[in-house]
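> Take this structure, written in structure tokens, and hold onto it; I'll ask about it next.
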Amino acid sequence: MIPRHLIAATALLLALAIAMGIYVAKLRRREAITPIPSRDEQHVTPPASGRTEQVTVWVARDDSGTLIPQSIVVPSSPEKQQRAEELLRGLLDFYVSKNSPHPLGAGAEIHDVYLVDPGLAVIDLNAAFADEHASGVLAEELTVVSMIQTLAANIPGLTRVKILVDGKDRDTLAGHVDLSSFYDVSQVSQLARQLSAQ
Amino acid sequence: MPWNKSGITRLAVLLLLSLPALLIHSQTAPSSSPAPNQTPPQPASPSPPLILIDPAHGGADSGAALNAAFPEKDVTLVLARRLRQDLASHGMSAQLLRNGDNTLPLDQRAAMVNASHPALYLVIHATSQGSGIRLYSAMLPSGQSSRGPFLDWQTAQTSALAHSRSIQAQITTTLQKTGFPMRSLVAPLRPLNNLIVPAIAIEVAPTSADVSQLASSDYQETVCGDLANAFAATLPLLRTGP
């Protein structure tokens, strides 16, 4: 004969186990329905609490297919490399804003900018930047030229630029503009002037 | 030792890539040995210079998704076929580098063009952004140079670049007279920089926000008709070569 209190305890434990099972199933379903926000979903610019400086960035406009030099304020940094990153992040703020003149895909971000003497800059984009980029010769060219010209206009002595995606070589930005080689800054500056004059 | 292992491997790969182009060339080149009992050829007008038209993308590479039903690779092929027809009606010689939905890597395209040595290489792209026609010549990369008799692959266009830009300027002038919206620029666009012959690219966009205009027969006729007229005007330049 099984004691009565043992039956009661077993029934209680069983009921608890079933209740916990239902609760866990509910939690799982809720997790499956709610999308997990991507780490790179939104471009975040830290507030410029310290010293700032006024710089000129070259902003692409899809409606006219032109580049427009525009003054913005970015956090000032004594370190060249960090300054280069601030410049490009300032430019990117235009492209990821609500009324962007040249929209980039969700999650587009610049990982790093490396400055290597003499006169070489390496821009490392994230995969979303390239994968979600609009495909077309001029659309891709405007992006590349705006980034390189923004660096060239603010960092003296820059002669060459290489663009990587997730730290690796990539053939094209989005099927057209070549990323496999080094860009000659003087040629890009000449093109930027041509694109801004039209 | 001037020949190292990687150099020989590269040369072998280039030769292999050139084979299809040699086949094209052998099909198109006029026979050099006259048939027996043939009358001596009469002095005739020189044959028109060859324009090699390359509809960009193809096969696994669809290019831009202009809309769900019409990827860039299809628009470029339709435009290329129509332009070839229009050039022929102007008495010009034109061939397509791709005449079906097949994948052609950029290096292979460049090798085929360099082997067949046309008077002009023209690659056609299509886009939903912007308006009208955009003409591009190569923007060469930095820090590369040819060594001895071997041309650097990334800057092979150097010797033909001035001629490419003269042709581009001539086409621009003619197209501007038609009033059709157009721009003339340089672009870092392969395979233009890998070519030893004059080379330009064309990007065709609709004149309105409606991308389906690219698939319209009327629009294609206007674009290709104007382009064919502009190419006809470059004939003296094409004959002189770089």
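By order of appearance in the structure tokens: chains A, B, ..., then residues from 1 within every chain, and ligands from 1 in the order shown.
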What are the residues of chain A lining chain B at 6 Å or less? Count only C-alpha atoms, and put the answer as a list in words.
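The complete set of qualifying residues is Ser135, Gly136, Val177, Asp178, Ser181, Phe182, Tyr183 and Asp184 of chain A.
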> Kindly export the residues of the current selection with N, CA and C atoms, as a compact mmCIF listing (two decimals), in the first residue's frame.

# COMPACT_ATOMS: atom_id res chain seq x y z
N SER A 135 22.70 47.97 -57.22
CA SER A 135 23.60 47.50 -58.28
C SER A 135 23.50 48.41 -59.50
N GLY A 136 24.64 48.91 -59.96
CA GLY A 136 24.66 49.79 -61.14
C GLY A 136 26.00 50.51 -61.18
N VAL A 177 31.32 48.08 -60.01
CA VAL A 177 32.56 48.84 -59.74
C VAL A 177 33.62 47.95 -59.08
N ASP A 178 34.82 48.03 -59.65
CA ASP A 178 35.92 47.13 -59.27
C ASP A 178 36.46 47.46 -57.88
N SER A 181 41.39 46.23 -57.07
CA SER A 181 42.67 46.94 -57.19
C SER A 181 42.72 48.14 -56.24
N PHE A 182 43.84 48.83 -56.29
CA PHE A 182 44.02 50.04 -55.49
C PHE A 182 43.54 51.25 -56.31
N TYR A 183 42.85 52.15 -55.65
CA TYR A 183 42.40 53.38 -56.32
C TYR A 183 43.47 54.45 -56.26
N ASP A 184 43.65 55.13 -57.40
CA ASP A 184 44.57 56.24 -57.47
C ASP A 184 43.80 57.50 -57.05
> Enumerate the residues of range 34-173 of chain A with a DSSP assignment of helix (DSSP H, G or I), computed from the backbone, and present them as number ranges by chain.
A: 80-95, 127-131, 137-154
> Residues near range 97-101 of chain B, anyone? I mean within 9 Å using only C-alpha atoms, not counting same-chain ones fewer than 3 positions away, as a list in words.
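Contacts, in chain order: Ile24, Leu52, Ile53, Asp54, Pro55, Ala56, His57, Gly58, Gly59, Ala60, Lys73, Asp74, Leu77, Ala80, Arg81, Leu104, Arg109, Met112 and Val113 of chain B.
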> Fewer than 3 positions away in the same chain doesn't count, so skip those; otherwise give me all residues within 12 Å of Glu79 in chain A, counting only C-alpha atoms, as a list in words.
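The residues that qualify are Pro75, Ser76, Gln82, Arg83, Ala84, Glu85, Glu86, Val113, Tyr114, Leu115 and Ile155 of chain A.
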> Hey, can you check how far CA of Glu141 in chain A sits from CA of Ala192 in chain A?
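Rounded to one decimal, the two atoms are 10.0 Å apart.
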> Any chance you could list, as a PyMOL selection string, the residues in range 36-145 of chain B that come up strand (DSSP E or B) when DSSP is run on the backbone?
chain B and resi 50-55+58+61+65-67+70-71+93-96+120-126+132-138
> Just N, CA and C atoms for this one: save the residues we selected as a CSV table (one decimal), in the first residue's frame.

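Contents of again-v7.csv, freshly written:
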chain,number,residue,atom,x,y,z
B,50,LEU,N,35.7,46.0,-87.0
B,50,LEU,CA,34.8,45.2,-86.2
B,50,LEU,C,34.5,45.9,-84.8
B,51,ILE,N,33.2,45.9,-84.5
B,51,ILE,CA,32.8,46.4,-83.1
B,51,ILE,C,32.4,45.1,-82.4
B,52,LEU,N,33.0,44.8,-81.3
B,52,LEU,CA,32.6,43.6,-80.5
B,52,LEU,C,31.7,44.1,-79.3
B,53,ILE,N,30.4,43.7,-79.4
B,53,ILE,CA,29.5,44.1,-78.4
B,53,ILE,C,29.3,43.0,-77.3
B,54,ASP,N,29.5,43.5,-76.1
B,54,ASP,CA,29.4,42.5,-74.9
B,54,ASP,C,28.2,42.8,-74.1
B,55,PRO,N,27.1,42.0,-74.1
B,55,PRO,CA,26.0,42.2,-73.2
B,55,PRO,C,26.5,41.8,-71.8
B,58,GLY,N,25.2,37.6,-67.4
B,58,GLY,CA,24.8,36.4,-68.1
B,58,GLY,C,24.9,35.2,-67.3
B,61,ASP,N,25.3,35.0,-63.3
B,61,ASP,CA,25.4,36.4,-63.0
B,61,ASP,C,24.3,37.2,-63.6
B,65,ALA,N,18.9,43.5,-60.4
B,65,ALA,CA,17.5,43.1,-60.5
B,65,ALA,C,16.6,44.3,-60.8
B,66,LEU,N,16.5,44.6,-62.1
B,66,LEU,CA,15.7,45.8,-62.5
B,66,LEU,C,14.3,45.7,-62.1
B,67,ASN,N,13.7,44.5,-62.4
B,67,ASN,CA,12.4,44.1,-61.7
B,67,ASN,C,12.4,42.6,-61.7
B,70,PHE,N,12.6,40.9,-65.1
B,70,PHE,CA,13.6,41.4,-66.1
B,70,PHE,C,14.9,41.7,-65.5
B,71,PRO,N,15.8,40.7,-65.4
B,71,PRO,CA,17.1,41.0,-64.8
B,71,PRO,C,18.0,41.8,-65.8
B,93,SER,N,30.4,46.5,-89.1
B,93,SER,CA,30.5,45.1,-88.7
B,93,SER,C,30.5,45.0,-87.2
B,94,ALA,N,29.5,44.2,-86.7
B,94,ALA,CA,29.4,44.0,-85.2
B,94,ALA,C,29.2,42.6,-84.9
B,95,GLN,N,29.8,42.2,-83.8
B,95,GLN,CA,29.5,40.8,-83.3
B,95,GLN,C,29.2,40.8,-81.8
B,96,LEU,N,28.5,39.8,-81.3
B,96,LEU,CA,28.3,39.7,-79.9
B,96,LEU,C,29.3,38.8,-79.2
B,120,LEU,N,36.9,48.1,-81.8
B,120,LEU,CA,36.3,48.7,-80.5
B,120,LEU,C,35.5,47.6,-79.8
B,121,TYR,N,35.7,47.6,-78.4
B,121,TYR,CA,35.0,46.7,-77.6
B,121,TYR,C,33.9,47.6,-76.9
B,122,LEU,N,32.7,47.2,-76.8
B,122,LEU,CA,31.6,47.9,-76.2
B,122,LEU,C,30.8,47.0,-75.3
B,123,VAL,N,30.8,47.3,-74.0
B,123,VAL,CA,30.1,46.5,-73.0
B,123,VAL,C,28.8,47.3,-72.7
B,124,ILE,N,27.7,46.6,-72.7
B,124,ILE,CA,26.4,47.3,-72.4
B,124,ILE,C,25.9,46.9,-71.0
B,125,HIS,N,25.6,47.9,-70.2
B,125,HIS,CA,25.0,47.6,-68.8
B,125,HIS,C,23.6,48.3,-68.8
B,126,ALA,N,22.7,47.9,-67.9
B,126,ALA,CA,21.4,48.6,-67.8
B,126,ALA,C,21.2,48.8,-66.3
B,132,GLY,N,18.6,58.1,-69.1
B,132,GLY,CA,19.3,58.1,-70.5
B,132,GLY,C,20.5,57.2,-70.5
B,133,ILE,N,21.5,57.7,-71.3
B,133,ILE,CA,22.7,56.9,-71.5
B,133,ILE,C,23.9,57.5,-70.8
B,134,ARG,N,24.7,56.6,-70.3
B,134,ARG,CA,26.0,57.0,-69.7
B,134,ARG,C,27.1,56.3,-70.4
B,135,LEU,N,28.1,57.0,-70.8
B,135,LEU,CA,29.3,56.4,-71.5
B,135,LEU,C,30.5,56.4,-70.6
B,136,TYR,N,31.2,55.3,-70.5
B,136,TYR,CA,32.4,55.3,-69.6
B,136,TYR,C,33.6,54.8,-70.4
B,137,SER,N,34.7,55.4,-70.1
B,137,SER,CA,36.0,54.8,-70.4
B,137,SER,C,36.7,54.3,-69.1
B,138,ALA,N,37.8,53.6,-69.3
B,138,ALA,CA,38.4,53.0,-68.1
B,138,ALA,C,39.1,54.0,-67.2
> Expressed in Å to a single decimal, how great is the separation between CA of Leu87 in chain A and CA of Asp124 in chain A?
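Value for the CA of Leu87 in chain A-CA of Asp124 in chain A distance: 13.8 Å.
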> Just the number, please: distance in Å from CA of Ala25 in chain A to CA of Ala9 in chain A, one decimal.
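Computed distance, CA of Ala25 in chain A to CA of Ala9 in chain A, equals 24.3 Å.
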> Which residue gives the smallest distance to Asp112 in chain A among A:Leu164, A:Pro69, A:Ser186, A:Leu91, with only C-alpha atoms counted?
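Of the candidates, the smallest distance to Asp112 in chain A is held by A:Leu164.
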> From the options B:Val204, B:Ala232, B:Val211, B:Met92, which residue's atoms come nearest to Gln170 in chain B, counting only C-alpha atoms?
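Between B:Val204, B:Ala232, B:Val211, B:Met92, the residue approaching Gln170 in chain B most closely is B:Ala232.
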